[in-house]
Amino acid sequence: MQEIKITTTLTCYDHIEELPQSVQELMESAVEARKKAYAPYSKFRVGVALLLENGKVILGNNQENAAYPSGLCAERVAIFHAGAEYPGITIKQIAITATSDNHINKTPIPPCGSCRQSIAEYEMRQESPIEIYFMGGEGKIMKSNSLKDLLPLVFDKSYL
């Protein structure tokens with residue numbers, strides 16, 4: 001038997017003002033997208049802003065549906081839109097913010113498992129890492145240098 005240890009290093013910023021200016025602007029775009037989320041059931045709003053290599057910013061927010069789980073997470077809304085509108089263009093950064101209508105989340109909230117897998121598909125396909133910044137409604141922001149930091153044992157096409 002062998003034990004394998006997997007470690008992850010994330011960067012933590014105490015406030016949005018500590019982020020590089022371009023990332024601050026990306027996160028502020030994610031906050032605006034979050035405000036437009038359609039979340040009448042969960043009352044949990046998520047906003048995303050993607051920065052593409054060509055300089056375009058793609059927004060997404062969660063879209064719920066009474067026929068759970070027919071809705072779609074903010075990350076996948078944005079990623080799939082980028083893939084449809086700008087196929088082959090590299091995603092450089094993702095800014096994610098999430099909070100509840102019932103209380104403000106101050107803990108950084110990472111993408112769910114399904115969104116991690118979707119991000120992994122794009123990161124593997126473009127053969128370059130995607131920086132992922134995530135926060136709650138306010139407060140600390142975490143930065144991952146690659147999706148592999150959040151999903152180290154990624155399932156990809158190499159297994160098929």
# chains A, B, ... in the order shown; residues from 1 in each chain; ligands from 1
call {"tool": "residues_around", "arguments": {"residues": "Asn65 of chain A", "least_positions_apart": "2", "cutoff": "9 Å", "atoms": "only C-alpha atoms", "output": "PyMOL selection string"}}
result
chain A and resi 38-41+63+67-72
call {"tool": "write_last_selection", "arguments": {"atoms": "all heavy atoms", "output": "CSV table (one decimal), in the first residue's frame"}}
result
chain,number,residue,atom,x,y,z
A,38,TYR,N,-31.6,34.7,-11.3
A,38,TYR,CA,-33.0,34.3,-11.1
A,38,TYR,C,-32.9,33.1,-10.1
A,38,TYR,O,-32.7,32.0,-10.5
A,38,TYR,CB,-33.6,33.9,-12.5
A,38,TYR,CG,-35.0,33.4,-12.4
A,38,TYR,CD1,-36.0,34.3,-12.0
A,38,TYR,CD2,-35.4,32.1,-12.5
A,38,TYR,CE1,-37.3,33.9,-11.9
A,38,TYR,CE2,-36.7,31.7,-12.4
A,38,TYR,CZ,-37.7,32.6,-12.1
A,38,TYR,OH,-39.0,32.2,-11.9
A,39,ALA,N,-33.2,33.5,-8.9
A,39,ALA,CA,-33.1,32.5,-7.8
A,39,ALA,C,-34.2,32.6,-6.8
A,39,ALA,O,-34.1,32.7,-5.6
A,39,ALA,CB,-31.8,32.7,-7.0
A,40,PRO,N,-35.5,32.4,-7.4
A,40,PRO,CA,-36.7,32.6,-6.5
A,40,PRO,C,-36.8,31.4,-5.5
A,40,PRO,O,-37.6,31.5,-4.5
A,40,PRO,CB,-37.8,32.6,-7.5
A,40,PRO,CG,-37.3,31.8,-8.7
A,40,PRO,CD,-35.9,32.1,-8.7
A,41,TYR,N,-36.2,30.3,-5.8
A,41,TYR,CA,-36.4,29.1,-4.9
A,41,TYR,C,-35.3,29.0,-3.8
A,41,TYR,O,-35.7,28.8,-2.7
A,41,TYR,CB,-36.5,27.8,-5.8
A,41,TYR,CG,-37.5,28.0,-6.9
A,41,TYR,CD1,-37.1,28.2,-8.2
A,41,TYR,CD2,-38.8,28.0,-6.6
A,41,TYR,CE1,-38.0,28.4,-9.2
A,41,TYR,CE2,-39.8,28.3,-7.6
A,41,TYR,CZ,-39.3,28.5,-8.9
A,41,TYR,OH,-40.2,28.7,-9.9
A,63,GLN,N,-29.6,30.5,-13.0
A,63,GLN,CA,-31.0,30.5,-13.5
A,63,GLN,C,-31.7,29.3,-13.0
A,63,GLN,O,-31.5,28.2,-13.4
A,63,GLN,CB,-30.9,30.5,-15.0
A,63,GLN,CG,-30.2,31.7,-15.6
A,63,GLN,CD,-30.9,33.0,-15.4
A,63,GLN,OE1,-32.1,33.1,-15.6
A,63,GLN,NE2,-30.2,34.0,-14.9
A,67,ALA,N,-38.8,23.2,-11.9
A,67,ALA,CA,-38.6,21.7,-12.1
A,67,ALA,C,-37.1,21.4,-11.8
A,67,ALA,O,-36.3,21.2,-12.6
A,67,ALA,CB,-38.9,21.3,-13.5
A,68,TYR,N,-36.8,21.6,-10.5
A,68,TYR,CA,-35.4,21.3,-10.0
A,68,TYR,C,-35.0,19.9,-10.6
A,68,TYR,O,-35.8,19.0,-10.6
A,68,TYR,CB,-35.3,21.2,-8.5
A,68,TYR,CG,-34.7,22.4,-7.8
A,68,TYR,CD1,-34.9,23.7,-8.3
A,68,TYR,CD2,-33.8,22.2,-6.8
A,68,TYR,CE1,-34.3,24.7,-7.6
A,68,TYR,CE2,-33.2,23.2,-6.1
A,68,TYR,CZ,-33.4,24.5,-6.6
A,68,TYR,OH,-32.8,25.6,-5.9
A,69,PRO,N,-33.8,19.7,-11.1
A,69,PRO,CA,-32.7,20.6,-11.2
A,69,PRO,C,-32.5,21.1,-12.6
A,69,PRO,O,-31.4,21.1,-13.2
A,69,PRO,CB,-31.5,19.6,-10.9
A,69,PRO,CG,-31.9,18.3,-11.5
A,69,PRO,CD,-33.5,18.3,-11.3
A,70,SER,N,-33.6,21.6,-13.2
A,70,SER,CA,-33.5,22.0,-14.6
A,70,SER,C,-32.8,23.4,-14.8
A,70,SER,O,-32.5,23.8,-15.9
A,70,SER,CB,-34.9,22.2,-15.2
A,70,SER,OG,-35.5,20.9,-15.3
A,71,GLY,N,-32.5,24.1,-13.7
A,71,GLY,CA,-31.8,25.3,-13.8
A,71,GLY,C,-30.3,25.1,-14.1
A,71,GLY,O,-29.9,24.0,-14.4
A,72,LEU,N,-29.6,26.2,-14.1
A,72,LEU,CA,-28.1,26.1,-14.4
A,72,LEU,C,-27.4,27.1,-13.6
A,72,LEU,O,-27.8,28.2,-13.4
A,72,LEU,CB,-27.9,26.4,-15.9
A,72,LEU,CG,-26.6,26.0,-16.5
A,72,LEU,CD1,-26.4,24.5,-16.4
A,72,LEU,CD2,-26.6,26.4,-18.0
call {"tool": "residues_around", "arguments": {"residues": "segment 126-131 of chain A", "least_positions_apart": "4", "cutoff": "9 Å", "atoms": "only C-alpha atoms", "output": "list in words"}}
result
Gly88, Ile89, Thr90, Ile91, Lys92, Gln93, Ile94, Ala95, Ile119, Glu121, Tyr122, Lys143, Ser144, Asn145, Ser146, Leu147 and Lys148 of chain A
call {"tool": "closest_residue", "arguments": {"among": "A:Pro20, A:Ala120, A:Gly137, A:Ala78", "to": "Lys56 of chain A", "atoms": "only C-alpha atoms"}}
result
A:Ala78
call {"tool": "select_by_dssp", "arguments": {"residues": "segment 17-71 of chain A", "states": "strand (DSSP E)", "output": "list in words"}}
result
Phe44, Arg45, Val46, Gly47, Val48, Ala49, Leu50, Leu51, Leu52, Val57, Ile58, Leu59, Gly60 and Asn61 of chain A
call {"tool": "closest_residue", "arguments": {"among": "A:Ile79, A:Cys73, A:Ala33, A:Ile141", "to": "Pro108 of chain A", "atoms": "only C-alpha atoms"}}
result
A:Ile141
call {"tool": "closest_residue", "arguments": {"among": "A:Ala49, A:Met142, A:Val57, A:Cys115", "to": "Ala30 of chain A", "atoms": "only C-alpha atoms"}}
result
A:Ala49
call {"tool": "residues_around", "arguments": {"residues": "Val31 of chain A", "least_positions_apart": "4", "cutoff": "12 Å", "atoms": "only C-alpha atoms", "output": "ChimeraX atom specification"}}
result
/A:16,24-27,35-37,45-49,59-61,74,95-99,134-138
call {"tool": "closest_residue", "arguments": {"among": "A:Val77, A:Ala82, A:Leu19, A:Ala66", "to": "Asn54 of chain A", "atoms": "only C-alpha atoms"}}
result
A:Ala82
call {"tool": "select_by_dssp", "arguments": {"residues": "chain A", "states": "alpha helix (DSSP H)", "output": "ChimeraX atom specification"}}
result
/A:21-35,74-85,113-126,147-150
call {"tool": "decode", "arguments": {"residues": "segment 95-110 of chain A", "atoms": "all heavy atoms", "output": "PDB file, in the first residue's frame"}}
result
ATOM      1  N   ALA A  95     -14.113  35.162 -12.213  1.00  0.00           N
ATOM      2  CA  ALA A  95     -14.451  35.770 -10.922  1.00  0.00           C
ATOM      3  C   ALA A  95     -15.849  35.284 -10.544  1.00  0.00           C
ATOM      4  O   ALA A  95     -16.771  35.359 -11.355  1.00  0.00           O
ATOM      5  CB  ALA A  95     -14.425  37.289 -11.015  1.00  0.00           C
ATOM      6  N   ILE A  96     -15.993  34.780  -9.320  1.00  0.00           N
ATOM      7  CA  ILE A  96     -17.248  34.211  -8.845  1.00  0.00           C
ATOM      8  C   ILE A  96     -17.614  34.855  -7.515  1.00  0.00           C
ATOM      9  O   ILE A  96     -16.763  34.974  -6.625  1.00  0.00           O
ATOM     10  CB  ILE A  96     -17.119  32.681  -8.631  1.00  0.00           C
ATOM     11  CG1 ILE A  96     -16.618  31.980  -9.886  1.00  0.00           C
ATOM     12  CG2 ILE A  96     -18.447  32.084  -8.141  1.00  0.00           C
ATOM     13  CD1 ILE A  96     -16.123  30.566  -9.642  1.00  0.00           C
ATOM     14  N   THR A  97     -18.871  35.235  -7.369  1.00  0.00           N
ATOM     15  CA  THR A  97     -19.379  35.749  -6.101  1.00  0.00           C
ATOM     16  C   THR A  97     -20.743  35.132  -5.844  1.00  0.00           C
ATOM     17  O   THR A  97     -21.526  34.949  -6.775  1.00  0.00           O
ATOM     18  CB  THR A  97     -19.448  37.289  -6.084  1.00  0.00           C
ATOM     19  OG1 THR A  97     -20.054  37.719  -4.863  1.00  0.00           O
ATOM     20  CG2 THR A  97     -20.222  37.838  -7.253  1.00  0.00           C
ATOM     21  N   ALA A  98     -20.996  34.791  -4.583  1.00  0.00           N
ATOM     22  CA  ALA A  98     -22.260  34.147  -4.238  1.00  0.00           C
ATOM     23  C   ALA A  98     -22.710  34.595  -2.859  1.00  0.00           C
ATOM     24  O   ALA A  98     -21.884  34.788  -1.965  1.00  0.00           O
ATOM     25  CB  ALA A  98     -22.105  32.632  -4.269  1.00  0.00           C
ATOM     26  N   THR A  99     -24.014  34.762  -2.706  1.00  0.00           N
ATOM     27  CA  THR A  99     -24.565  35.108  -1.403  1.00  0.00           C
ATOM     28  C   THR A  99     -26.044  34.755  -1.363  1.00  0.00           C
ATOM     29  O   THR A  99     -26.664  34.492  -2.395  1.00  0.00           O
ATOM     30  CB  THR A  99     -24.321  36.593  -1.056  1.00  0.00           C
ATOM     31  OG1 THR A  99     -24.515  36.790   0.335  1.00  0.00           O
ATOM     32  CG2 THR A  99     -25.218  37.510  -1.857  1.00  0.00           C
ATOM     33  N   SER A 100     -26.581  34.768  -0.179  1.00  0.00           N
ATOM     34  CA  SER A 100     -27.983  34.445   0.047  1.00  0.00           C
ATOM     35  C   SER A 100     -28.805  35.720   0.187  1.00  0.00           C
ATOM     36  O   SER A 100     -28.300  36.729   0.682  1.00  0.00           O
ATOM     37  CB  SER A 100     -28.102  33.607   1.327  1.00  0.00           C
ATOM     38  OG  SER A 100     -29.433  33.443   1.706  1.00  0.00           O
ATOM     39  N   ASP A 101     -30.062  35.661  -0.227  1.00  0.00           N
ATOM     40  CA  ASP A 101     -30.966  36.784   0.028  1.00  0.00           C
ATOM     41  C   ASP A 101     -31.279  36.882   1.518  1.00  0.00           C
ATOM     42  O   ASP A 101     -31.703  37.924   1.992  1.00  0.00           O
ATOM     43  CB  ASP A 101     -32.284  36.607  -0.734  1.00  0.00           C
ATOM     44  CG  ASP A 101     -32.138  36.821  -2.230  1.00  0.00           C
ATOM     45  OD1 ASP A 101     -31.072  37.289  -2.682  1.00  0.00           O
ATOM     46  OD2 ASP A 101     -33.104  36.507  -2.960  1.00  0.00           O
ATOM     47  N   ASN A 102     -31.072  35.798   2.251  1.00  0.00           N
ATOM     48  CA  ASN A 102     -31.425  35.744   3.668  1.00  0.00           C
ATOM     49  C   ASN A 102     -30.329  36.268   4.588  1.00  0.00           C
ATOM     50  O   ASN A 102     -30.612  36.690   5.706  1.00  0.00           O
ATOM     51  CB  ASN A 102     -31.786  34.307   4.066  1.00  0.00           C
ATOM     52  CG  ASN A 102     -32.966  33.796   3.270  1.00  0.00           C
ATOM     53  OD1 ASN A 102     -33.918  34.517   3.008  1.00  0.00           O
ATOM     54  ND2 ASN A 102     -32.898  32.543   2.853  1.00  0.00           N
ATOM     55  N   HIS A 103     -29.082  36.195   4.149  1.00  0.00           N
ATOM     56  CA  HIS A 103     -27.956  36.708   4.920  1.00  0.00           C
ATOM     57  C   HIS A 103     -26.760  36.859   3.978  1.00  0.00           C
ATOM     58  O   HIS A 103     -26.700  36.206   2.942  1.00  0.00           O
ATOM     59  CB  HIS A 103     -27.594  35.776   6.087  1.00  0.00           C
ATOM     60  CG  HIS A 103     -27.152  34.425   5.649  1.00  0.00           C
ATOM     61  ND1 HIS A 103     -28.027  33.419   5.298  1.00  0.00           N
ATOM     62  CD2 HIS A 103     -25.908  33.900   5.486  1.00  0.00           C
ATOM     63  CE1 HIS A 103     -27.356  32.342   4.952  1.00  0.00           C
ATOM     64  NE2 HIS A 103     -26.071  32.607   5.042  1.00  0.00           N
ATOM     65  N   ILE A 104     -25.845  37.732   4.343  1.00  0.00           N
ATOM     66  CA  ILE A 104     -24.660  37.942   3.510  1.00  0.00           C
ATOM     67  C   ILE A 104     -23.597  36.913   3.883  1.00  0.00           C
ATOM     68  O   ILE A 104     -23.188  36.818   5.032  1.00  0.00           O
ATOM     69  CB  ILE A 104     -24.103  39.365   3.670  1.00  0.00           C
ATOM     70  CG1 ILE A 104     -25.116  40.375   3.150  1.00  0.00           C
ATOM     71  CG2 ILE A 104     -22.766  39.517   2.942  1.00  0.00           C
ATOM     72  CD1 ILE A 104     -24.725  41.815   3.351  1.00  0.00           C
ATOM     73  N   ASN A 105     -23.180  36.150   2.896  1.00  0.00           N
ATOM     74  CA  ASN A 105     -22.100  35.181   3.085  1.00  0.00           C
ATOM     75  C   ASN A 105     -20.775  35.924   3.005  1.00  0.00           C
ATOM     76  O   ASN A 105     -20.509  36.618   2.026  1.00  0.00           O
ATOM     77  CB  ASN A 105     -22.153  34.102   2.007  1.00  0.00           C
ATOM     78  CG  ASN A 105     -23.408  33.284   2.067  1.00  0.00           C
ATOM     79  OD1 ASN A 105     -24.457  33.741   1.644  1.00  0.00           O
ATOM     80  ND2 ASN A 105     -23.309  32.095   2.607  1.00  0.00           N
ATOM     81  N   LYS A 106     -19.963  35.770   4.032  1.00  0.00           N
ATOM     82  CA  LYS A 106     -18.645  36.398   4.046  1.00  0.00           C
ATOM     83  C   LYS A 106     -17.528  35.395   3.800  1.00  0.00           C
ATOM     84  O   LYS A 106     -16.370  35.756   3.712  1.00  0.00           O
ATOM     85  CB  LYS A 106     -18.434  37.126   5.368  1.00  0.00           C
ATOM     86  CG  LYS A 106     -19.371  38.309   5.537  1.00  0.00           C
ATOM     87  CD  LYS A 106     -19.070  39.105   6.773  1.00  0.00           C
ATOM     88  CE  LYS A 106     -20.013  40.298   6.847  1.00  0.00           C
ATOM     89  NZ  LYS A 106     -19.710  41.144   7.994  1.00  0.00           N
ATOM     90  N   THR A 107     -17.886  34.122   3.700  1.00  0.00           N
ATOM     91  CA  THR A 107     -16.911  33.071   3.421  1.00  0.00           C
ATOM     92  C   THR A 107     -16.799  32.879   1.916  1.00  0.00           C
ATOM     93  O   THR A 107     -17.820  32.812   1.230  1.00  0.00           O
ATOM     94  CB  THR A 107     -17.379  31.745   4.069  1.00  0.00           C
ATOM     95  OG1 THR A 107     -17.532  31.960   5.467  1.00  0.00           O
ATOM     96  CG2 THR A 107     -16.376  30.640   3.814  1.00  0.00           C
ATOM     97  N   PRO A 108     -15.587  32.812   1.369  1.00  0.00           N
ATOM     98  CA  PRO A 108     -15.453  32.572  -0.071  1.00  0.00           C
ATOM     99  C   PRO A 108     -16.143  31.263  -0.473  1.00  0.00           C
ATOM    100  O   PRO A 108     -15.964  30.241   0.177  1.00  0.00           O
ATOM    101  CB  PRO A 108     -13.934  32.478  -0.275  1.00  0.00           C
ATOM    102  CG  PRO A 108     -13.367  33.274   0.851  1.00  0.00           C
ATOM    103  CD  PRO A 108     -14.282  33.014   2.024  1.00  0.00           C
ATOM    104  N   ILE A 109     -16.944  31.336  -1.528  1.00  0.00           N
ATOM    105  CA  ILE A 109     -17.736  30.191  -1.978  1.00  0.00           C
ATOM    106  C   ILE A 109     -17.201  29.722  -3.330  1.00  0.00           C
ATOM    107  O   ILE A 109     -17.333  30.417  -4.336  1.00  0.00           O
ATOM    108  CB  ILE A 109     -19.230  30.566  -2.063  1.00  0.00           C
ATOM    109  CG1 ILE A 109     -19.710  31.026  -0.678  1.00  0.00           C
ATOM    110  CG2 ILE A 109     -20.052  29.398  -2.589  1.00  0.00           C
ATOM    111  CD1 ILE A 109     -21.086  31.635  -0.662  1.00  0.00           C
ATOM    112  N   PRO A 110     -16.611  28.526  -3.362  1.00  0.00           N
ATOM    113  CA  PRO A 110     -16.045  28.010  -4.607  1.00  0.00           C
ATOM    114  C   PRO A 110     -17.125  27.426  -5.516  1.00  0.00           C
ATOM    115  O   PRO A 110     -18.268  27.236  -5.087  1.00  0.00           O
ATOM    116  CB  PRO A 110     -15.091  26.915  -4.118  1.00  0.00           C
ATOM    117  CG  PRO A 110     -15.749  26.407  -2.872  1.00  0.00           C
ATOM    118  CD  PRO A 110     -16.401  27.609  -2.233  1.00  0.00           C
TER     119      PRO A 110
END
